[in-house]
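K.L.:
Below is the file my_file09.cif, which contains mmCIF, C-alpha atoms.
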data_structure
#
loop_
_atom_site.label_atom_id
_atom_site.label_comp_id
_atom_site.auth_asym_id
_atom_site.auth_seq_id
_atom_site.Cartn_x
_atom_site.Cartn_y
_atom_site.Cartn_z
CA MET A 1 -12.32 11.89 -97.05
CA ASN A 2 -11.06 8.30 -96.95
CA ALA A 3 -7.46 9.49 -97.33
CA ARG A 4 -7.85 11.81 -94.34
CA ILE A 5 -9.37 9.09 -92.16
CA LYS A 6 -6.58 6.72 -93.18
CA LEU A 7 -3.98 9.37 -92.41
CA SER A 8 -5.50 10.04 -88.98
CA VAL A 9 -5.20 6.34 -88.16
CA VAL A 10 -1.57 6.35 -89.34
CA LEU A 11 -0.70 9.40 -87.24
CA MET A 12 -2.39 8.00 -84.14
CA GLY A 13 -0.56 4.71 -84.66
CA ALA A 14 2.74 6.52 -85.01
CA GLY A 15 2.09 8.48 -81.83
CA LEU A 16 1.32 5.31 -79.88
CA ILE A 17 4.42 3.60 -81.21
CA LEU A 18 6.66 6.51 -80.28
CA ALA A 19 5.08 6.66 -76.84
CA PHE A 20 5.54 2.99 -75.98
CA LEU A 21 8.62 1.73 -77.84
CA PRO A 22 12.08 2.38 -76.40
CA TYR A 23 14.20 4.79 -78.40
CA ASN A 24 16.81 7.46 -77.92
CA ALA A 25 15.10 10.18 -75.91
CA SER A 26 16.68 12.88 -78.07
CA LYS A 27 14.71 11.60 -81.08
CA THR A 28 11.51 13.56 -81.50
CA PHE A 29 9.32 14.47 -84.45
CA GLN A 30 10.95 17.26 -86.46
CA MET A 31 7.89 18.05 -88.55
CA LYS A 32 4.78 19.84 -87.40
CA PRO A 33 1.58 17.76 -87.64
CA ASP A 34 0.12 19.88 -90.46
CA GLU A 35 3.34 19.54 -92.49
CA LEU A 36 3.37 15.79 -91.98
CA VAL A 37 -0.30 15.54 -92.98
CA ALA A 38 0.33 17.54 -96.15
CA GLU A 39 3.27 15.36 -97.11
CA ALA A 40 1.42 12.14 -96.32
CA LEU A 41 -1.45 13.15 -98.61
CA ASN A 42 0.99 13.53 -101.51
CA ASN A 43 0.84 10.55 -103.86
CA GLU A 44 4.56 10.97 -104.58
CA ILE A 45 5.37 8.98 -101.43
CA TYR A 46 4.12 5.84 -103.21
CA PHE A 47 5.75 3.52 -105.71
CA SER A 48 3.61 0.97 -107.54
CA VAL A 49 4.53 -2.71 -107.54
CA ASP A 50 5.31 -2.39 -111.26
CA GLN A 51 7.86 0.33 -110.49
CA VAL A 52 9.37 -1.84 -107.76
CA ALA A 53 9.47 -4.80 -110.18
CA ARG A 54 11.51 -2.67 -112.59
CA PHE A 55 13.92 -1.70 -109.79
CA VAL A 56 14.31 -5.39 -108.89
CA ASN A 57 14.95 -6.39 -112.50
CA ASN A 58 17.52 -3.63 -112.99
CA GLU A 59 19.17 -4.19 -109.58
CA ASP A 60 18.91 -0.43 -109.11
CA SER A 61 21.51 0.57 -106.51
CA ALA A 62 19.72 3.87 -105.82
CA ILE A 63 16.82 1.89 -104.32
CA ARG A 64 16.64 -0.11 -101.09
CA ILE A 65 13.51 -2.23 -100.65
CA VAL A 66 12.70 -2.60 -96.95
CA ASP A 67 10.55 -5.53 -95.80
CA LEU A 68 8.83 -4.58 -92.53
CA ARG A 69 7.35 -8.01 -91.86
CA SER A 70 8.59 -10.40 -89.19
CA ARG A 71 11.85 -12.30 -89.71
CA GLU A 72 9.84 -15.52 -90.12
CA GLU A 73 7.64 -14.03 -92.85
CA PHE A 74 10.69 -12.55 -94.55
CA LEU A 75 12.51 -15.89 -94.63
CA GLU A 76 9.42 -17.60 -95.98
CA CYS A 77 9.32 -15.26 -98.98
CA ASN A 78 10.56 -11.78 -99.84
CA ILE A 79 11.05 -9.47 -102.77
CA PRO A 80 14.53 -10.06 -104.25
CA GLY A 81 17.13 -7.60 -102.98
CA SER A 82 15.05 -6.48 -100.01
CA VAL A 83 16.45 -6.02 -96.51
CA ASN A 84 14.43 -7.05 -93.46
CA ILE A 85 13.78 -4.42 -90.78
CA PRO A 86 10.94 -5.94 -88.74
CA PHE A 87 8.40 -3.29 -87.83
CA ASN A 88 8.48 -4.23 -84.14
CA ASP A 89 12.22 -3.38 -84.24
CA PHE A 90 11.89 -0.34 -86.52
CA LEU A 91 12.97 2.19 -83.88
CA ASN A 92 16.09 0.26 -82.91
CA PRO A 93 19.05 2.67 -83.32
CA ASP A 94 20.92 -0.10 -85.19
CA TRP A 95 18.65 0.54 -88.21
CA GLU A 96 19.13 4.31 -88.28
CA GLY A 97 21.93 4.07 -90.85
CA TYR A 98 19.50 2.36 -93.22
CA ILE A 99 16.53 4.63 -92.60
CA ASN A 100 18.26 7.99 -92.12
CA GLN A 101 20.36 8.68 -95.20
CA LYS A 102 20.28 11.05 -98.14
CA THR A 103 21.30 9.03 -101.18
CA VAL A 104 19.32 5.77 -101.36
CA LYS A 105 15.53 5.72 -101.65
CA ASN A 106 13.96 3.32 -99.14
CA ILE A 107 10.72 1.70 -100.25
CA PHE A 108 8.84 0.17 -97.31
CA TYR A 109 6.47 -2.76 -97.67
CA GLY A 110 4.49 -5.08 -95.42
CA ASN A 111 1.72 -7.53 -96.24
CA GLY A 112 -0.68 -4.66 -96.89
CA GLU A 113 -0.04 -0.94 -96.81
CA GLU A 114 -0.82 0.03 -93.21
CA THR A 115 2.49 -0.97 -91.58
CA ALA A 116 4.50 0.73 -94.32
CA ASN A 117 2.43 3.91 -93.93
CA VAL A 118 3.11 4.00 -90.18
CA ALA A 119 6.83 3.36 -90.76
CA TRP A 120 6.90 6.14 -93.35
CA THR A 121 5.14 8.50 -90.92
CA ILE A 122 7.65 7.78 -88.16
CA ALA A 123 10.69 8.10 -90.43
CA THR A 124 9.44 11.29 -92.07
CA GLY A 125 8.30 12.78 -88.78
CA LEU A 126 11.79 12.21 -87.37
CA GLY A 127 13.16 14.21 -90.29
CA TYR A 128 14.55 11.27 -92.28
CA GLU A 129 14.47 11.74 -96.04
CA ASN A 130 14.05 9.44 -99.03
CA ASN A 131 11.50 7.07 -97.53
CA PHE A 132 8.57 5.78 -99.59
CA VAL A 133 5.83 3.13 -99.56
CA MET A 134 5.14 0.31 -102.01
CA LYS A 135 1.44 0.72 -102.68
CA GLY A 136 -0.55 -2.35 -101.67
CA GLY A 137 2.39 -4.21 -100.11
CA MET A 138 3.11 -7.90 -100.64
CA ASN A 139 -0.60 -8.61 -101.24
CA GLU A 140 -0.53 -6.31 -104.28
CA TRP A 141 2.82 -7.80 -105.40
CA TYR A 142 1.22 -11.26 -105.54
CA LYS A 143 -1.88 -10.00 -107.30
CA THR A 144 -0.09 -7.85 -109.88
CA VAL A 145 3.29 -9.50 -110.42
CA MET A 146 2.92 -13.15 -109.48
CA LEU A 147 -0.56 -13.69 -110.93
CA SER A 148 -0.41 -11.35 -113.91
CA ASN A 149 -1.43 -12.47 -117.37
CA PHE A 150 -2.85 -10.92 -120.48
CA GLU A 151 -5.81 -12.40 -122.29
CA GLY A 152 -7.12 -11.86 -125.74
CA ASP A 153 -5.85 -12.15 -129.28
CA ARG A 154 -3.80 -8.96 -129.38
CA ILE A 155 -1.41 -7.32 -126.97
CA THR A 156 -0.16 -3.76 -127.30
CA PRO A 157 3.58 -3.00 -127.11
CA ARG A 158 3.00 -1.27 -123.76
CA GLU A 159 1.12 -4.26 -122.36
CA ASN A 160 3.83 -6.57 -123.65
CA ALA A 161 6.61 -4.53 -122.00
CA LEU A 162 4.67 -4.48 -118.73
CA PHE A 163 4.07 -8.21 -118.88
CA GLU A 164 7.77 -8.87 -119.59
CA THR A 165 8.75 -6.74 -116.57
CA ARG A 166 6.34 -8.64 -114.33
CA LEU A 167 7.43 -12.01 -115.71
CA LYS A 168 11.12 -11.31 -115.09
CA ALA A 169 10.41 -10.07 -111.53
CA ARG A 170 8.23 -13.16 -110.94
CA ARG A 171 11.06 -15.47 -112.05
CA LEU A 172 13.57 -13.71 -109.76
CA PHE A 173 11.10 -13.91 -106.86
CA THR A 174 10.49 -17.61 -107.47
CA GLN A 175 14.19 -18.43 -107.85
CA LEU A 176 15.19 -16.63 -104.63
CA ASN A 177 12.36 -18.00 -102.55
CA SER A 178 12.78 -21.57 -103.78
CA LEU A 179 16.35 -21.73 -102.43
CA PRO A 180 16.92 -24.00 -99.43
CA ASP A 181 16.89 -22.05 -96.16
CA SER A 182 20.65 -22.47 -95.69
CA LEU A 183 21.45 -20.95 -99.11
CA LYS A 184 18.83 -18.26 -98.66
CA MET A 185 20.41 -17.30 -95.31
CA GLN A 186 23.86 -17.11 -96.95
CA PHE A 187 22.46 -14.89 -99.69
CA LEU A 188 20.68 -12.61 -97.20
CA GLU A 189 23.73 -12.35 -94.91
CA ALA A 190 25.93 -11.48 -97.90
CA LYS A 191 23.41 -8.83 -98.92
CA ARG A 192 23.32 -7.37 -95.41
CA LEU A 193 27.14 -7.31 -95.22
CA GLU A 194 27.26 -5.53 -98.57
CA GLU A 195 24.68 -2.98 -97.36
CA SER A 196 26.56 -2.34 -94.09
CA GLN A 197 29.82 -1.78 -95.97
CA LEU A 198 28.13 0.70 -98.27
CA ASP A 199 26.60 2.52 -95.30
CA GLY A 200 30.02 2.81 -93.68
CA GLY A 201 31.63 4.45 -96.73
CA CYS A 202 32.25 8.10 -97.50
CA GLU A 203 29.31 10.34 -98.24
#
Let me see the file written as structure tokens.
P.N.:
Amino acid sequence: MNARIKLSVVLMGAGLILAFLPYNASKTFQMKPDELVAEALNNEIYFSVDQVARFVNNEDSAIRIVDLRSREEFLECNIPGSVNIPFNDFLNPDWEGYINQKTVKNIFYGNGEETANVAWTIATGLGYENNFVMKGGMNEWYKTVMLSNFEGDRITPRENALFETRLKARRLFTQLNSLPDSLKMQFLEAKRLEESQLDGGCE
């Protein structure tokens, strides 16, 4: 029941956004509401923060992490390798090459999960593929990755591997976000240039 209520809120939010934000008039939802509801209720649209941490550590080129927070929040701190598409600019046609593609998996995140769910609903409703949500958003990233520790006398191999993954992702996060703003901007601009060159290549 909670999932259905949550989904109803997401769909209403998406409808309001599409009604009030400027966008190409030819862009309309391609999916029927019942199809969108069925897909939204599928847990396969979610990646856990531990999965995202592994992608970050491996610099997985098949994954694009999309930060939907404001530019100011993004510059303050962000998950390494992520690209900033502020939610209030999500429907800008300039971002369509990032959001509407068939090869790279986009994983949306905000502070919580709500913004990413609405972004996913819009992208999927428009017929764009390969869009997903990081479960729990940045709040869950802090709780699980940045504050993780294991207590007790013994640690299983699985727990140890998980802790090592989180620790490496935590170090990368701390290193990136401790850079001076000028160096961080250079890094982010280089990343964006690299992404735009990849988007402009052959399919």
K.L.:
If we count all atoms listed in the file and set the cut-off at 9 Å, which residues sit around Phe90 (chain A), ignoring sequence neighbours fewer than 5 positions away in its own chain? Please answer as a list in words.
P.N.:
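Counting only the stated atoms, we get Leu68, Ile85, Trp95, Glu96 and Ala119 of chain A.
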K.L.:
Nearest to Glu129 (chain A) among A:Asn42, A:Asn117, A:Ser70, A:Asn100, with distances taken over all atoms listed in the file: which residue is it?
P.N.:
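Residue with the minimum atom-to-atom distance to Glu129 (chain A): A:Asn100.
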K.L.:
What gap, in Å, lies between CA of Pro80 (chain A) and CA of Phe173 (chain A)?
P.N.:
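About the pair CA of Pro80 (chain A) and CA of Phe173 (chain A): they are 5.8 Å apart.
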K.L.:
Anything within 10 Å of (17.6, 12.7, -93.7): list those residues as JSON, numbers by chain, counting only C-alpha atoms and sticking to the file's coordinates.
P.N.:
{"A": [99, 100, 101, 102, 103, 123, 124, 126, 127, 128, 129, 130, 131]}
K.L.:
Could you tell me how far CA of Gly81 (chain A) lies from CA of Asn43 (chain A), in Å and to one decimal?
P.N.:
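Computing it gives 24.4 Å between the two atoms.
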K.L.:
Excluding Met134 (chain A) and residues on its chain fewer than 6 positions from it, collect all residues at most 7 Å away from it, counting all atoms listed in the file, and give them as a PDB file with C-alpha atoms, in the coordinates of the input.
P.N.:
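Done, and the output landed in around.pdb:
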ATOM      1  CA  TYR A  46       4.120   5.840-103.210  1.00  0.00           C
ATOM      2  CA  PHE A  47       5.750   3.520-105.710  1.00  0.00           C
ATOM      3  CA  SER A  48       3.610   0.970-107.540  1.00  0.00           C
ATOM      4  CA  VAL A  49       4.530  -2.710-107.540  1.00  0.00           C
ATOM      5  CA  ILE A 107      10.720   1.700-100.250  1.00  0.00           C
ATOM      6  CA  PHE A 108       8.840   0.170 -97.310  1.00  0.00           C
ATOM      7  CA  TYR A 109       6.470  -2.760 -97.670  1.00  0.00           C
TER       8      TYR A 109
END
K.L.:
So what do you get for CA of Asn177 (chain A) versus CA of Ser61 (chain A), distance-wise?
P.N.:
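Distance reported for this atom pair: 21.1 Å.
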K.L.:
Evaluate the PyMOL selection byres ((chain A and resi 31) around 8) and record the selected residues as a list in words, following the chain and residue labels used in the document.
P.N.:
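Applying the PyMOL selection byres ((chain A and resi 31) around 8) to the structure shown produces Phe29, Gln30, Lys32, Pro33, Glu35, Leu36, Thr124, Gly125, Leu126 and Gly127 of chain A.
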K.L.:
Given the file shown, enumerate the residues that the PyMOL selection byres ((chain A and resi 138) around 12) captures and present them as a PyMOL selection string.
P.N.:
chain A and resi 48-49+52-53+65-69+73-74+77-79+108-116+133-137+139-146+173
K.L.:
Smallest atom-to-atom distance to Val56 (chain A): which of A:Ala161, A:Ala40, A:Ser82, A:Pro180, using only C-alpha atoms?
P.N.:
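Of the candidates, the smallest distance to Val56 (chain A) is held by A:Ser82.
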K.L.:
Counting only C-alpha atoms, which residues come within 6 Å of (6.2, -4.3, -113.8), with the point read in the file's coordinates, and could you list them as an mmCIF file with C-alpha atoms, in the frame of the given file?
P.N.:
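To be explicit, this is the file written out as part.cif:
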data_model
loop_
_atom_site.group_PDB
_atom_site.id
_atom_site.type_symbol
_atom_site.label_atom_id
_atom_site.label_comp_id
_atom_site.auth_asym_id
_atom_site.auth_seq_id
_atom_site.Cartn_x
_atom_site.Cartn_y
_atom_site.Cartn_z
ATOM 1 C CA ASP A 50 5.310 -2.390 -111.260
ATOM 2 C CA GLN A 51 7.860 0.330 -110.490
ATOM 3 C CA ALA A 53 9.470 -4.800 -110.180
ATOM 4 C CA ARG A 54 11.510 -2.670 -112.590
ATOM 5 C CA LEU A 162 4.670 -4.480 -118.730
ATOM 6 C CA THR A 165 8.750 -6.740 -116.570
ATOM 7 C CA ARG A 166 6.340 -8.640 -114.330
#
K.L.:
So, counting only C-alpha atoms, which residue among A:Ala38, A:Leu91, A:Leu75, A:Val104 is closest to Ala62 (chain A)?
P.N.:
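Going through A:Ala38, A:Leu91, A:Leu75, A:Val104 one by one, the smallest distance to Ala62 (chain A) is for A:Val104.
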K.L.:
Because the input lacks atoms here, generate N, CA and C atoms for region 76-108 of chain A and report them as a JSON list (two decimals), in the coordinates of the input.
P.N.:
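This went into part.json:
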[["chain", "number", "residue", "atom", "x", "y", "z"],
["A", 76, "GLU", "N", 10.34, -16.77, -95.21],
["A", 76, "GLU", "CA", 9.42, -17.60, -95.98],
["A", 76, "GLU", "C", 9.36, -17.13, -97.43],
["A", 77, "CYS", "N", 9.28, -15.83, -97.63],
["A", 77, "CYS", "CA", 9.32, -15.26, -98.98],
["A", 77, "CYS", "C", 9.56, -13.76, -98.86],
["A", 78, "ASN", "N", 10.30, -13.21, -99.82],
["A", 78, "ASN", "CA", 10.56, -11.78, -99.84],
["A", 78, "ASN", "C", 10.86, -11.32, -101.25],
["A", 79, "ILE", "N", 10.73, -10.04, -101.46],
["A", 79, "ILE", "CA", 11.05, -9.47, -102.77],
["A", 79, "ILE", "C", 12.57, -9.46, -102.94],
["A", 80, "PRO", "N", 13.08, -9.97, -104.06],
["A", 80, "PRO", "CA", 14.53, -10.06, -104.25],
["A", 80, "PRO", "C", 15.23, -8.73, -104.02],
["A", 81, "GLY", "N", 16.34, -8.79, -103.26],
["A", 81, "GLY", "CA", 17.13, -7.60, -102.98],
["A", 81, "GLY", "C", 16.67, -6.83, -101.76],
["A", 82, "SER", "N", 15.56, -7.25, -101.16],
["A", 82, "SER", "CA", 15.05, -6.48, -100.01],
["A", 82, "SER", "C", 15.84, -6.81, -98.75],
["A", 83, "VAL", "N", 15.83, -5.86, -97.82],
["A", 83, "VAL", "CA", 16.45, -6.02, -96.51],
["A", 83, "VAL", "C", 15.33, -6.05, -95.48],
["A", 84, "ASN", "N", 15.48, -6.88, -94.46],
["A", 84, "ASN", "CA", 14.43, -7.05, -93.46],
["A", 84, "ASN", "C", 14.69, -6.16, -92.24],
["A", 85, "ILE", "N", 13.79, -5.22, -92.01],
["A", 85, "ILE", "CA", 13.78, -4.42, -90.78],
["A", 85, "ILE", "C", 12.41, -4.65, -90.17],
["A", 86, "PRO", "N", 12.27, -5.64, -89.30],
["A", 86, "PRO", "CA", 10.94, -5.94, -88.74],
["A", 86, "PRO", "C", 10.33, -4.71, -88.08],
["A", 87, "PHE", "N", 9.06, -4.50, -88.33],
["A", 87, "PHE", "CA", 8.40, -3.29, -87.83],
["A", 87, "PHE", "C", 8.48, -3.17, -86.32],
["A", 88, "ASN", "N", 8.41, -4.31, -85.61],
["A", 88, "ASN", "CA", 8.48, -4.23, -84.14],
["A", 88, "ASN", "C", 9.88, -3.88, -83.64],
["A", 89, "ASP", "N", 10.85, -3.78, -84.58],
["A", 89, "ASP", "CA", 12.22, -3.38, -84.24],
["A", 89, "ASP", "C", 12.62, -2.11, -84.99],
["A", 90, "PHE", "N", 11.64, -1.45, -85.60],
["A", 90, "PHE", "CA", 11.89, -0.34, -86.52],
["A", 90, "PHE", "C", 12.65, 0.81, -85.84],
["A", 91, "LEU", "N", 12.35, 1.06, -84.57],
["A", 91, "LEU", "CA", 12.97, 2.19, -83.88],
["A", 91, "LEU", "C", 14.29, 1.84, -83.21],
["A", 92, "ASN", "N", 14.79, 0.65, -83.45],
["A", 92, "ASN", "CA", 16.09, 0.26, -82.91],
["A", 92, "ASN", "C", 17.16, 1.13, -83.56],
["A", 93, "PRO", "N", 18.02, 1.79, -82.75],
["A", 93, "PRO", "CA", 19.05, 2.67, -83.32],
["A", 93, "PRO", "C", 19.97, 1.97, -84.32],
["A", 94, "ASP", "N", 20.07, 0.64, -84.24],
["A", 94, "ASP", "CA", 20.92, -0.10, -85.19],
["A", 94, "ASP", "C", 20.47, 0.09, -86.64],
["A", 95, "TRP", "N", 19.19, 0.40, -86.85],
["A", 95, "TRP", "CA", 18.65, 0.54, -88.21],
["A", 95, "TRP", "C", 18.74, 1.97, -88.72],
["A", 96, "GLU", "N", 19.17, 2.90, -87.87],
["A", 96, "GLU", "CA", 19.13, 4.31, -88.28],
["A", 96, "GLU", "C", 19.97, 4.58, -89.52],
["A", 97, "GLY", "N", 21.10, 3.89, -89.66],
["A", 97, "GLY", "CA", 21.93, 4.07, -90.85],
["A", 97, "GLY", "C", 21.23, 3.68, -92.14],
["A", 98, "TYR", "N", 20.28, 2.76, -92.04],
["A", 98, "TYR", "CA", 19.50, 2.36, -93.22],
["A", 98, "TYR", "C", 18.39, 3.39, -93.51],
["A", 99, "ILE", "N", 17.73, 3.81, -92.44],
["A", 99, "ILE", "CA", 16.53, 4.63, -92.60],
["A", 99, "ILE", "C", 16.85, 6.11, -92.76],
["A", 100, "ASN", "N", 17.91, 6.58, -92.11],
["A", 100, "ASN", "CA", 18.26, 7.99, -92.12],
["A", 100, "ASN", "C", 19.49, 8.21, -92.99],
["A", 101, "GLN", "N", 19.27, 8.39, -94.27],
["A", 101, "GLN", "CA", 20.36, 8.68, -95.20],
["A", 101, "GLN", "C", 19.82, 9.51, -96.35],
["A", 102, "LYS", "N", 20.71, 10.08, -97.14],
["A", 102, "LYS", "CA", 20.28, 11.05, -98.14],
["A", 102, "LYS", "C", 20.39, 10.56, -99.58],
["A", 103, "THR", "N", 21.02, 9.42, -99.80],
["A", 103, "THR", "CA", 21.30, 9.03, -101.18],
["A", 103, "THR", "C", 20.39, 7.92, -101.72],
["A", 104, "VAL", "N", 20.11, 6.91, -100.91],
["A", 104, "VAL", "CA", 19.32, 5.77, -101.36],
["A", 104, "VAL", "C", 17.85, 5.98, -101.00],
["A", 105, "LYS", "N", 16.97, 5.64, -101.93],
["A", 105, "LYS", "CA", 15.53, 5.72, -101.65],
["A", 105, "LYS", "C", 15.08, 4.41, -101.01],
["A", 106, "ASN", "N", 14.53, 4.49, -99.81],
["A", 106, "ASN", "CA", 13.96, 3.32, -99.14],
["A", 106, "ASN", "C", 12.50, 3.17, -99.53],
["A", 107, "ILE", "N", 12.12, 1.98, -99.95],
["A", 107, "ILE", "CA", 10.72, 1.70, -100.25],
["A", 107, "ILE", "C", 10.25, 0.65, -99.26],
["A", 108, "PHE", "N", 9.35, 1.06, -98.35],
["A", 108, "PHE", "CA", 8.84, 0.17, -97.31],
["A", 108, "PHE", "C", 7.70, -0.68, -97.84]]
